[in-house]
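Visitor: What follows is run.cif; its format and atoms are mmCIF, C-alpha atoms and all ligand atoms.
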data_protein
loop_
_atom_site.label_atom_id
_atom_site.label_comp_id
_atom_site.auth_asym_id
_atom_site.auth_seq_id
_atom_site.Cartn_x
_atom_site.Cartn_y
_atom_site.Cartn_z
CA ARG A 1 -0.05 -17.79 23.35
CA PRO A 2 1.76 -16.01 26.18
CA PHE A 3 -0.31 -17.67 28.92
CA ALA A 4 0.40 -21.38 29.30
CA HIS A 5 1.25 -24.08 31.80
CA PRO A 6 5.02 -24.65 31.67
CA ASP A 7 4.31 -28.34 32.41
CA LYS A 8 1.42 -30.50 33.57
CA LYS A 9 1.99 -29.83 37.24
CA SER A 10 2.68 -26.12 37.15
CA PRO A 11 0.19 -23.32 37.44
CA LEU A 12 -0.67 -21.11 34.49
CA ALA A 13 2.16 -18.68 33.81
CA CYS A 14 2.80 -15.55 31.86
CA GLY A 15 6.11 -16.35 30.22
CA GLU A 16 8.22 -17.61 33.12
CA VAL A 17 6.14 -16.08 35.90
CA ALA A 18 3.43 -18.13 37.63
CA LEU A 19 0.13 -16.31 37.96
CA ASP A 20 -0.67 -17.67 41.43
CA ALA A 21 2.50 -16.05 42.78
CA LEU A 22 1.51 -12.76 41.18
CA ALA A 23 -1.99 -12.97 42.64
CA LYS A 24 -0.50 -13.63 46.05
CA LYS A 25 1.85 -10.69 45.81
CA PHE A 26 -0.40 -8.11 44.16
CA GLY A 27 -3.91 -9.32 44.98
CA THR A 28 -6.87 -9.81 42.65
CA PRO A 29 -8.42 -8.81 40.34
CA LEU A 30 -5.11 -8.32 38.56
CA TYR A 31 -4.25 -7.52 34.97
CA VAL A 32 -1.10 -9.28 33.81
CA TYR A 33 0.64 -8.42 30.53
CA SER A 34 3.51 -9.97 28.65
CA ALA A 35 5.98 -7.36 27.39
CA ASP A 36 7.65 -9.97 25.21
CA HIS A 37 4.40 -10.77 23.46
CA ILE A 38 3.65 -7.11 22.74
CA ARG A 39 7.14 -6.74 21.22
CA TYR A 40 6.59 -9.87 19.18
CA ARG A 41 3.29 -8.57 17.81
CA SER A 42 4.79 -5.20 16.99
CA GLY A 43 7.64 -6.97 15.18
CA LEU A 44 5.11 -8.80 13.00
CA PHE A 45 4.01 -5.47 11.52
CA THR A 46 7.60 -4.40 10.91
CA GLU A 47 8.25 -7.63 9.02
CA ALA A 48 5.02 -7.65 7.04
CA PHE A 49 5.43 -4.05 5.89
CA ALA A 50 9.17 -4.22 5.25
CA GLY A 51 10.09 -2.29 2.13
CA GLN A 52 6.93 -0.18 2.28
CA PRO A 53 7.50 3.15 4.06
CA HIS A 54 5.16 2.96 7.04
CA LEU A 55 4.64 3.95 10.64
CA VAL A 56 2.72 1.93 13.20
CA CYS A 57 0.71 4.35 15.34
CA TYR A 58 -0.49 2.23 18.23
CA ALA A 59 -4.11 3.01 19.18
CA VAL A 60 -3.61 4.20 22.75
CA LYS A 61 -7.24 3.57 23.68
CA ALA A 62 -6.74 -0.20 23.50
CA ASN A 63 -4.47 -0.14 26.53
CA SER A 64 -3.11 3.16 27.69
CA ALA A 65 -0.81 2.01 30.53
CA LEU A 66 2.25 4.26 30.50
CA ALA A 67 4.60 1.29 30.75
CA ILE A 68 3.08 -0.23 27.63
CA LEU A 69 3.27 3.06 25.73
CA LYS A 70 6.91 3.33 26.76
CA LEU A 71 7.64 -0.18 25.57
CA LEU A 72 6.06 0.53 22.19
CA ALA A 73 7.74 3.93 21.86
CA ALA A 74 11.04 2.12 22.35
CA GLU A 75 10.08 -0.17 19.46
CA GLY A 76 9.77 2.97 17.34
CA ALA A 77 5.99 3.06 17.32
CA GLY A 78 3.97 6.22 16.94
CA PHE A 79 0.56 6.66 18.51
CA ASP A 80 -3.04 7.14 17.48
CA ILE A 81 -4.70 9.29 20.13
CA VAL A 82 -8.32 10.38 20.54
CA SER A 83 -8.09 12.89 23.37
CA GLY A 84 -5.86 15.43 25.05
CA GLY A 85 -5.55 12.95 27.91
CA GLU A 86 -4.11 10.30 25.63
CA LEU A 87 -1.70 12.86 24.19
CA GLU A 88 -0.54 13.74 27.70
CA ARG A 89 0.11 10.07 28.30
CA VAL A 90 2.30 9.88 25.22
CA LEU A 91 4.15 13.06 26.21
CA ALA A 92 4.69 11.73 29.74
CA VAL A 93 6.43 8.71 28.26
CA ASP A 94 8.43 10.27 25.44
CA LYS A 95 8.20 13.95 24.42
CA ALA A 96 9.86 13.24 21.08
CA ALA A 97 7.13 10.73 20.21
CA ALA A 98 4.73 13.66 19.59
CA ALA A 99 6.21 13.82 16.10
CA ARG A 100 4.76 10.33 15.54
CA VAL A 101 1.25 11.06 16.82
CA VAL A 102 -1.94 11.08 14.78
CA PHE A 103 -5.04 12.58 16.39
CA SER A 104 -8.38 10.90 15.59
CA GLY A 105 -11.87 11.40 16.98
CA VAL A 106 -15.09 13.18 16.06
CA GLY A 107 -15.20 15.55 19.03
CA LYS A 108 -11.89 17.33 19.45
CA THR A 109 -12.09 20.45 21.64
CA ALA A 110 -10.12 23.69 21.33
CA PRO A 111 -7.86 22.96 24.34
CA GLU A 112 -7.11 19.49 22.97
CA ILE A 113 -6.32 20.91 19.55
CA ASP A 114 -4.08 23.58 21.10
CA LEU A 115 -2.11 20.98 23.04
CA ALA A 116 -1.66 18.92 19.89
CA LEU A 117 -0.57 21.96 17.86
CA ARG A 118 1.95 23.02 20.51
CA SER A 119 3.30 19.48 20.76
CA GLY A 120 3.87 19.34 17.01
CA ILE A 121 1.99 16.15 16.25
CA LEU A 122 2.34 14.46 12.87
CA LEU A 123 -1.25 14.56 11.66
CA PHE A 124 -4.78 15.61 12.59
CA ASN A 125 -7.36 13.17 11.29
CA VAL A 126 -10.17 15.64 10.72
CA GLU A 127 -13.64 14.14 10.90
CA SER A 128 -15.94 17.04 9.95
CA GLU A 129 -16.06 20.44 8.31
CA GLY A 130 -16.82 22.02 11.66
CA GLU A 131 -13.66 20.52 13.08
CA LEU A 132 -11.67 21.78 10.11
CA GLU A 133 -12.90 25.31 10.79
CA LEU A 134 -12.03 25.11 14.46
CA LEU A 135 -8.59 23.67 13.69
CA ALA A 136 -7.88 26.43 11.14
CA GLU A 137 -8.85 29.03 13.71
CA ARG A 138 -6.69 27.55 16.49
CA ALA A 139 -3.73 27.01 14.17
CA ALA A 140 -3.88 30.63 12.98
CA LYS A 141 -4.12 31.84 16.55
CA LEU A 142 -1.10 29.83 17.69
CA ARG A 143 0.72 30.38 14.39
CA LYS A 144 1.36 26.65 14.09
CA ARG A 145 0.87 24.80 10.86
CA ALA A 146 -1.45 21.80 11.17
CA ARG A 147 -0.88 18.84 8.87
CA ILE A 148 -4.23 17.26 8.22
CA ALA A 149 -5.84 14.20 6.74
CA LEU A 150 -9.55 13.98 6.22
CA ARG A 151 -10.96 10.84 7.65
CA VAL A 152 -13.23 9.68 4.91
CA ASN A 153 -16.08 7.31 5.26
CA PRO A 154 -15.59 4.76 2.47
CA ASP A 155 -19.02 3.13 2.86
CA VAL A 156 -17.47 -0.32 3.19
CA PHE A 157 -19.15 -3.00 5.25
CA ALA A 158 -16.99 -5.05 7.57
CA GLU A 159 -18.26 -8.01 9.53
CA THR A 160 -17.97 -7.22 13.24
CA HIS A 161 -20.12 -6.23 16.22
CA PRO A 162 -22.38 -3.28 15.26
CA TYR A 163 -21.00 -1.17 18.14
CA ILE A 164 -17.49 -1.28 16.70
CA SER A 165 -18.25 -1.02 12.99
CA THR A 166 -17.52 2.48 11.69
CA GLY A 167 -17.13 2.52 7.92
CA LEU A 168 -20.71 2.90 6.76
CA ARG A 169 -22.41 6.16 5.80
CA GLU A 170 -24.88 5.74 8.66
CA HIS A 171 -22.05 5.93 11.23
CA LYS A 172 -20.93 9.13 12.92
CA PHE A 173 -17.33 8.78 11.74
CA GLY A 174 -15.52 10.51 8.94
CA ILE A 175 -16.58 12.62 5.98
CA ASP A 176 -18.52 11.16 3.06
CA ILE A 177 -15.92 10.10 0.53
CA LYS A 178 -17.94 11.85 -2.20
CA ARG A 179 -17.62 15.22 -0.47
CA ALA A 180 -13.97 14.82 0.41
CA ARG A 181 -12.48 16.54 -2.64
CA THR A 182 -14.51 19.68 -2.01
CA VAL A 183 -13.49 19.77 1.64
CA TYR A 184 -9.83 19.22 0.75
CA LYS A 185 -9.97 22.17 -1.63
CA ARG A 186 -11.39 24.34 1.09
CA ALA A 187 -8.74 23.10 3.53
CA ALA A 188 -5.96 23.89 1.08
CA GLN A 189 -7.03 27.54 1.01
CA GLN A 190 -6.39 27.93 4.73
CA LYS A 191 -3.04 29.47 5.49
CA TRP A 192 -2.24 27.36 8.55
CA ILE A 193 -3.64 24.08 7.27
CA ALA A 194 -1.51 21.70 5.25
CA PRO A 195 -3.37 18.79 3.64
CA ALA A 196 -0.85 15.97 3.95
CA GLY A 197 -2.80 12.76 4.22
CA ILE A 198 -6.00 10.87 3.89
CA SER A 199 -7.33 8.47 6.47
CA VAL A 200 -9.87 5.75 6.90
CA HIS A 201 -10.92 3.39 9.67
CA ILE A 202 -13.70 0.91 9.04
CA GLY A 203 -14.09 -0.67 12.44
CA SER A 204 -12.57 -2.99 14.97
CA GLN A 205 -12.19 -6.76 15.43
CA ILE A 206 -12.34 -7.33 11.68
CA ARG A 207 -10.88 -10.72 10.91
CA SER A 208 -10.73 -10.82 7.17
CA ALA A 209 -8.26 -8.76 5.16
CA GLU A 210 -10.69 -8.16 2.33
CA PRO A 211 -12.62 -5.11 3.67
CA PHE A 212 -9.32 -3.42 4.58
CA GLY A 213 -8.20 -3.87 0.99
CA ALA A 214 -11.51 -2.53 -0.34
CA ALA A 215 -11.45 0.56 1.89
CA THR A 216 -7.79 1.29 1.19
CA ASP A 217 -8.42 0.90 -2.49
CA ARG A 218 -11.15 3.54 -2.37
CA VAL A 219 -9.03 6.06 -0.50
CA ALA A 220 -6.02 5.30 -2.72
CA LYS A 221 -8.08 6.34 -5.73
CA LEU A 222 -9.11 9.54 -3.99
CA LEU A 223 -5.49 10.19 -3.05
CA LEU A 224 -4.41 10.05 -6.68
CA GLN A 225 -7.22 12.41 -7.59
CA LEU A 226 -6.16 14.84 -4.87
CA ARG A 227 -2.60 14.76 -6.12
CA LYS A 228 -3.92 15.67 -9.58
CA ASP A 229 -5.74 18.56 -7.92
CA GLY A 230 -2.30 19.68 -6.78
CA LEU A 231 -2.36 18.58 -3.16
CA PRO A 232 0.84 16.97 -1.86
CA ILE A 233 -0.78 14.02 -0.10
CA GLN A 234 1.98 11.89 1.38
CA PHE A 235 0.26 9.84 4.08
CA LEU A 236 -2.38 7.18 3.77
CA ASP A 237 -3.64 6.30 7.22
CA ALA A 238 -5.33 2.91 6.91
CA GLY A 239 -6.66 2.99 10.49
CA GLY A 240 -6.71 0.02 12.84
CA GLY A 241 -9.15 -2.80 13.31
CA LEU A 242 -7.25 -6.00 12.58
CA GLY A 243 -9.01 -8.64 14.66
CA ILE A 244 -7.86 -11.60 16.70
CA GLU A 245 -9.47 -14.95 17.52
CA TYR A 246 -10.94 -15.08 21.03
CA HIS A 247 -12.08 -18.73 20.84
CA ALA A 248 -9.35 -21.18 21.81
CA ALA A 249 -10.94 -23.86 19.64
CA GLN A 250 -10.40 -21.79 16.48
CA ALA A 251 -6.99 -21.83 14.88
CA PHE A 252 -5.30 -18.45 14.77
CA ASN A 253 -1.96 -17.64 13.28
CA PRO A 254 -1.01 -14.01 13.97
CA GLU A 255 1.89 -14.05 11.51
CA GLU A 256 -0.34 -15.16 8.69
CA LYS A 257 -3.01 -12.61 9.68
CA VAL A 258 -0.63 -9.67 9.50
CA ARG A 259 0.81 -10.96 6.25
CA GLN A 260 -2.64 -11.15 4.63
CA TYR A 261 -3.53 -7.74 6.00
CA ALA A 262 -0.29 -6.23 4.72
CA ALA A 263 -0.77 -7.87 1.32
CA ALA A 264 -4.27 -6.40 0.99
CA LEU A 265 -3.03 -2.91 1.87
CA ARG A 266 0.08 -3.10 -0.25
CA ASP A 267 -1.95 -4.23 -3.20
CA ALA A 268 -4.18 -1.19 -2.87
CA VAL A 269 -1.29 1.29 -2.70
CA SER A 270 1.22 -0.38 -4.99
CA ARG A 271 0.73 2.18 -7.79
CA ILE A 272 1.30 5.18 -5.56
CA GLU A 273 4.76 6.68 -5.29
CA GLY A 274 6.23 8.54 -2.36
CA LEU A 275 3.62 7.26 0.03
CA THR A 276 3.94 6.57 3.75
CA LEU A 277 1.37 4.18 5.14
CA LEU A 278 0.15 4.87 8.64
CA LEU A 279 -1.34 1.97 10.59
CA GLU A 280 -3.30 2.22 13.81
CA PRO A 281 -3.47 -1.25 15.34
CA GLY A 282 -4.64 -1.51 18.93
CA ARG A 283 -6.17 -4.85 19.76
CA PHE A 284 -3.85 -6.87 17.58
CA LEU A 285 -0.79 -5.66 19.49
CA VAL A 286 -1.99 -6.02 23.06
CA ALA A 287 -5.15 -8.14 23.42
CA GLN A 288 -3.55 -11.55 23.62
CA ALA A 289 -0.66 -10.24 25.70
CA GLY A 290 -3.00 -9.72 28.65
CA ALA A 291 -5.09 -11.72 31.09
CA LEU A 292 -7.32 -10.71 33.95
CA VAL A 293 -6.60 -12.89 36.97
CA THR A 294 -9.48 -13.17 39.39
CA ARG A 295 -10.37 -15.24 42.45
CA VAL A 296 -13.52 -17.31 42.78
CA LEU A 297 -15.49 -16.01 45.74
CA PHE A 298 -18.46 -18.38 45.67
CA VAL A 299 -20.02 -21.10 43.59
CA LYS A 300 -23.77 -21.02 43.95
CA LYS A 301 -26.77 -22.76 42.47
CA ASN A 302 -30.10 -21.12 41.66
CA GLY A 303 -32.41 -23.87 40.52
CA GLU A 304 -30.84 -25.42 37.45
CA LYS A 305 -28.17 -22.80 37.06
CA THR A 306 -24.71 -22.66 38.54
CA PHE A 307 -22.97 -19.35 39.08
CA VAL A 308 -19.26 -18.92 39.60
CA ILE A 309 -18.87 -15.57 41.32
CA THR A 310 -15.49 -13.91 40.89
CA ASP A 311 -13.92 -10.88 42.52
CA ALA A 312 -13.59 -9.21 39.11
CA GLY A 313 -16.68 -7.62 37.66
CA MET A 314 -18.00 -5.81 34.61
CA ASN A 315 -16.32 -2.65 35.88
CA ASP A 316 -12.96 -4.42 35.34
CA LEU A 317 -13.76 -5.99 31.96
CA ILE A 318 -16.92 -4.88 30.21
CA ARG A 319 -16.43 -6.56 26.83
CA PRO A 320 -18.71 -9.58 27.46
CA THR A 321 -21.48 -7.28 28.70
CA LEU A 322 -21.12 -4.61 26.03
CA TYR A 323 -20.39 -6.68 22.93
CA GLN A 324 -21.39 -10.21 23.95
CA ALA A 325 -17.67 -10.84 23.56
CA HIS A 326 -16.24 -14.28 24.19
CA HIS A 327 -13.21 -14.63 26.47
CA GLU A 328 -11.72 -17.97 27.42
CA ILE A 329 -11.71 -18.56 31.16
CA VAL A 330 -9.20 -21.05 32.51
CA PRO A 331 -8.13 -22.18 35.97
CA VAL A 332 -4.73 -21.02 37.12
CA THR A 333 -3.84 -24.19 38.98
CA ALA A 334 -2.64 -27.16 36.94
CA THR A 335 -5.38 -29.08 35.19
CA LYS A 336 -5.11 -32.76 36.01
CA SER A 337 -8.26 -34.71 35.15
CA ARG A 338 -10.60 -32.02 36.31
CA ARG A 339 -14.31 -32.40 36.47
CA LYS A 340 -16.29 -30.04 34.29
CA LEU A 341 -19.17 -27.81 35.19
CA VAL A 342 -21.50 -25.63 33.18
CA ALA A 343 -21.89 -22.22 34.74
CA ASP A 344 -22.33 -18.53 34.32
CA VAL A 345 -19.17 -16.76 35.41
CA VAL A 346 -20.29 -13.51 36.99
CA GLY A 347 -18.91 -10.61 38.98
CA PRO A 348 -20.06 -8.98 42.20
CA VAL A 349 -21.62 -5.93 40.54
CA CYS A 350 -25.33 -5.39 41.03
CA GLU A 351 -26.39 -5.82 37.41
CA THR A 352 -27.70 -8.86 35.60
CA GLY A 353 -25.38 -7.86 32.77
CA ASP A 354 -22.36 -8.37 35.01
CA PHE A 355 -21.04 -11.58 33.48
CA PHE A 356 -17.91 -12.91 31.80
CA ALA A 357 -19.47 -16.06 30.35
CA ARG A 358 -22.90 -17.66 30.19
CA ASP A 359 -23.68 -21.37 30.23
CA ARG A 360 -20.00 -22.05 29.70
CA GLU A 361 -18.44 -25.45 30.21
CA LEU A 362 -15.51 -24.87 32.52
CA ASP A 363 -13.02 -26.89 34.47
CA ALA A 364 -14.68 -27.26 37.86
CA VAL A 365 -13.58 -24.56 40.28
CA LYS A 366 -14.25 -23.93 43.95
CA PRO A 367 -14.16 -20.85 46.17
CA GLY A 368 -10.62 -19.59 46.59
CA ASP A 369 -9.45 -20.83 43.19
CA LEU A 370 -7.88 -18.46 40.74
CA VAL A 371 -9.04 -18.22 37.15
CA ALA A 372 -7.61 -16.25 34.26
CA ILE A 373 -9.81 -14.47 31.75
CA LEU A 374 -7.71 -14.56 28.61
CA ASP A 375 -7.12 -12.09 25.77
CA ALA A 376 -7.99 -9.18 28.05
CA GLY A 377 -5.04 -6.94 27.19
CA ALA A 378 -7.05 -4.69 24.86
CA TYR A 379 -10.11 -2.70 25.90
CA GLY A 380 -9.98 -4.30 29.35
CA MET A 381 -8.38 -1.91 31.79
CA SER A 382 -8.85 1.01 29.41
CA LEU A 383 -12.63 0.62 29.68
CA ALA A 384 -12.63 -0.08 33.42
CA SER A 385 -14.77 2.06 35.67
CA ASN A 386 -15.43 2.64 39.33
CA TYR A 387 -19.02 1.46 39.21
CA ASN A 388 -20.22 0.20 42.60
CA THR A 389 -17.34 2.24 44.11
CA ARG A 390 -14.90 -0.44 43.14
CA GLY A 391 -11.29 0.63 42.78
CA ARG A 392 -9.74 -0.35 39.49
CA ALA A 393 -7.47 -3.39 39.37
CA ALA A 394 -3.69 -3.37 39.62
CA GLU A 395 -1.59 -4.05 36.52
CA VAL A 396 1.62 -6.05 36.23
CA LEU A 397 4.01 -6.24 33.30
CA VAL A 398 6.05 -9.41 32.87
CA GLU A 399 9.41 -9.41 31.08
CA GLY A 400 11.17 -12.74 31.05
CA LYS A 401 11.52 -13.78 34.70
CA ARG A 402 10.65 -10.35 36.04
CA ALA A 403 7.25 -9.01 36.93
CA ARG A 404 6.70 -5.44 37.95
CA LEU A 405 3.75 -3.46 39.10
CA ILE A 406 2.93 -0.84 36.47
CA ARG A 407 -0.18 0.48 38.18
CA ARG A 408 -1.10 0.02 41.78
CA ARG A 409 -4.57 -1.00 42.79
CA GLU A 410 -6.90 1.95 43.26
CA THR A 411 -8.07 2.48 46.83
CA VAL A 412 -11.41 3.80 47.95
CA ALA A 413 -9.50 6.82 49.27
CA ASP A 414 -8.38 7.48 45.67
CA LEU A 415 -12.00 7.46 44.59
CA LEU A 416 -13.25 9.74 47.33
CA ALA A 417 -10.38 12.21 46.90
CA THR A 418 -12.01 14.14 44.04
CA GLU A 419 -15.33 14.65 45.80
CA VAL A 420 -16.59 17.56 47.82
CA LEU A 421 -18.90 17.08 50.73
N1 LIG A 501 -8.08 3.87 14.89
C1 LIG A 501 -9.30 4.42 15.15
C2 LIG A 501 -9.67 5.67 14.51
C3 LIG A 501 -10.17 3.74 16.03
O1 LIG A 501 -11.38 4.26 16.27
C4 LIG A 501 -9.78 2.53 16.63
C5 LIG A 501 -10.65 1.82 17.56
C6 LIG A 501 -8.50 2.02 16.33
C7 LIG A 501 -7.69 2.72 15.45
C8 LIG A 501 -7.98 0.75 16.91
O2 LIG A 501 -8.76 -0.35 16.54
P1 LIG A 501 -8.23 -1.82 16.87
O3 LIG A 501 -7.01 -2.07 16.05
O4 LIG A 501 -7.94 -1.90 18.33
O5 LIG A 501 -9.37 -2.68 16.47
N2 LIG A 501 -14.00 -1.38 22.83
C9 LIG A 501 -14.15 -2.19 21.65
C10 LIG A 501 -13.29 -1.71 20.52
C11 LIG A 501 -13.51 -0.26 20.18
C12 LIG A 501 -12.63 0.22 19.05
C13 LIG A 501 -12.69 1.69 18.91
N3 LIG A 501 -11.82 2.23 17.90
C14 LIG A 501 -13.87 -3.63 22.00
O6 LIG A 501 -13.54 -3.92 23.15
O7 LIG A 501 -13.98 -4.53 21.17
#
Is it possible to give me this structure as structure tokens?
Ligand code: LLP
Guide:
Amino acid sequence: RPFAHPDKKSPLACGEVALDALAKKFGTPLYVYSADHIRYRSGLFTEAFAGQPHLVCYAVKANSALAILKLLAAEGAGFDIVSGGELERVLAVDKAAAARVVFSGVGKTAPEIDLALRSGILLFNVESEGELELLAERAAKLRKRARIALRVNPDVFAETHPYISTGLREHKFGIDIKRARTVYKRAAQQKWIAPAGISVHIGSQIRSAEPFGAATDRVAKLLLQLRKDGLPIQFLDAGGGLGIEYHAAQAFNPEEKVRQYAAALRDAVSRIEGLTLLLEPGRFLVAQAGALVTRVLFVKKNGEKTFVITDAGMNDLIRPTLYQAHHEIVPVTATKSRRKLVADVVGPVCETGDFFARDRELDAVKPGDLVAILDAGAYGMSLASNYNTRGRAAEVLVEGKRARLIRRRETVADLLATEVL
């Protein structure tokens, strides 16, 4: 884990950089990321898929900080985007990376499609027949050929939170796998559309490799059928979704996880020649590389309950509120025979749902102490909002002994700047 105490007396550090020093310099709440850990995670994919032509297309939505995109682009990663905004982020970092971009999402608009066509992205993951029509129209207009994959819905159940499960017929995502062949045939008739792939994504925070294997197996069969129909399908986009372990008490070995995941996928595609696998991991690459550092403002008691009130709130990290997600919360100062307390850790936002943990046993903390909310590198800052007119946190990227600000703290002036009186 990238966040640890270098020794018993030292404060929690990200690599070689102590978090209390960062909090002092940049203020709180503060997102801190380890560049080394992101590189390490990205390397795990490279190793596990060695020998199998593949491209890792990092899911930008997990953490879209430009500095992180740049780091991953330098590792050779491509990107999975879901909006024109995310594409502009990729282009701002590395224009040439457009050739490694796949575009997912059920609601692409004409301007977004145009930008993607002009940028020459690798693949559109088309999610409906309506979208296919619009894409064909825009591509003809711009005289740009669009390589497409249909995102099929494999009707595979994967154990995860219902809000982030996507692979069942009742979900809004993808095209029913049974209809896919018909839609491909129609796509192939369009002059400016080139069917080149097939894609699937069954959900997020999935911890077992088995459903990935099942879904990939289903699309692999369809792929072979499509090739028989005469379509040159070269790409199989297996989506993202590989989960992590948020509970410190549970063992988690990322190397083994990726290996099992890769084995399940490779098994499913082993019979297919001339195939390039596309992978869209988000969380797995960045979640554990990040922590949200926050200061305790007050510790208060209401009857039986104790509340630890921090300066970070649900607008900074909404995962506990939205998905009842568990995040470990640890003190930043060294832990020598601390007392324990059982408390709700809550933010300053005026909502009962503004919490990071409920009835959690924690090392006792007092006002002024710093705590770190761990595994916050994915879907933390990228889901942050300005609710309660709170500026979004600053972000720091740590590389070895160096820490640098990659996004300054938002000011209230920033927030007011877009408004008209
Ligand atoms: N590809 C597609 C088409 C996706 O929809 C997603 C995530 C990914 C890739 C990346 O999935 P990952 O590898 O990160 O699991 N906010 C939620 C997660 C939402 C995931 C949305 N789609 C959370 O905080 O748990």
Visitor: For ligand LIG 501 (chain A), return the neighbouring residues as number ranges by chain (distance at most 9 Å; only C-alpha atoms and all ligand atoms).
Guide: A: 57-62, 80-82, 103-105, 125, 151, 161, 163-166, 173, 199-206, 238-243, 279-287, 318-320, 322-323, 325, 378-380, 382-383
Visitor: Counting only C-alpha atoms, what is within 12 Å of Gln288 of chain A, bar same-chain residues fewer than 5 positions away, as a ChimeraX atom specification?
Guide: /A:1-3,14,32-41,62-63,243-248,252,254,282-283,327-328,373-380
Visitor: Within 8 Å of segment 106-122 of chain A, which residues of segment 65-91 of chain A come that close, and what is the closest atom pair and distance in Å for each? Count only C-alpha atoms and give it as a Markdown table.
Guide:
| residue | atom | partner | partner_atom | distance |
| --- | --- | --- | --- | --- |
| A:Val82 | CA | A:Lys108 | CA | 7.9 |
| A:Ser83 | CA | A:Glu112 | CA | 6.7 |
| A:Gly84 | CA | A:Glu112 | CA | 4.7 |
| A:Leu87 | CA | A:Ala116 | CA | 7.4 |
Visitor: Between A:Gly174, A:Pro53, A:Gly15, A:Pro162, which residue has the minimum interatomic distance to Glu273 of chain A, considering all atoms listed in the file?
Guide: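 Distance minimum relative to Glu273 of chain A lands on A:Pro53.
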Visitor: Hey, which of A:Ile329, A:Ile175, A:Val219, A:Val299 ends up closest to Glu129 of chain A? Count all atoms listed in the file.
Guide: A:Ile175
Visitor: Could you list, as a PyMOL selection string, every residue within 9 Å of Ala393 of chain A, counting only C-alpha atoms and ignoring same-chain residues fewer than 6 positions away?
Guide: chain A and resi 27-31+312+316+381+384+407-410
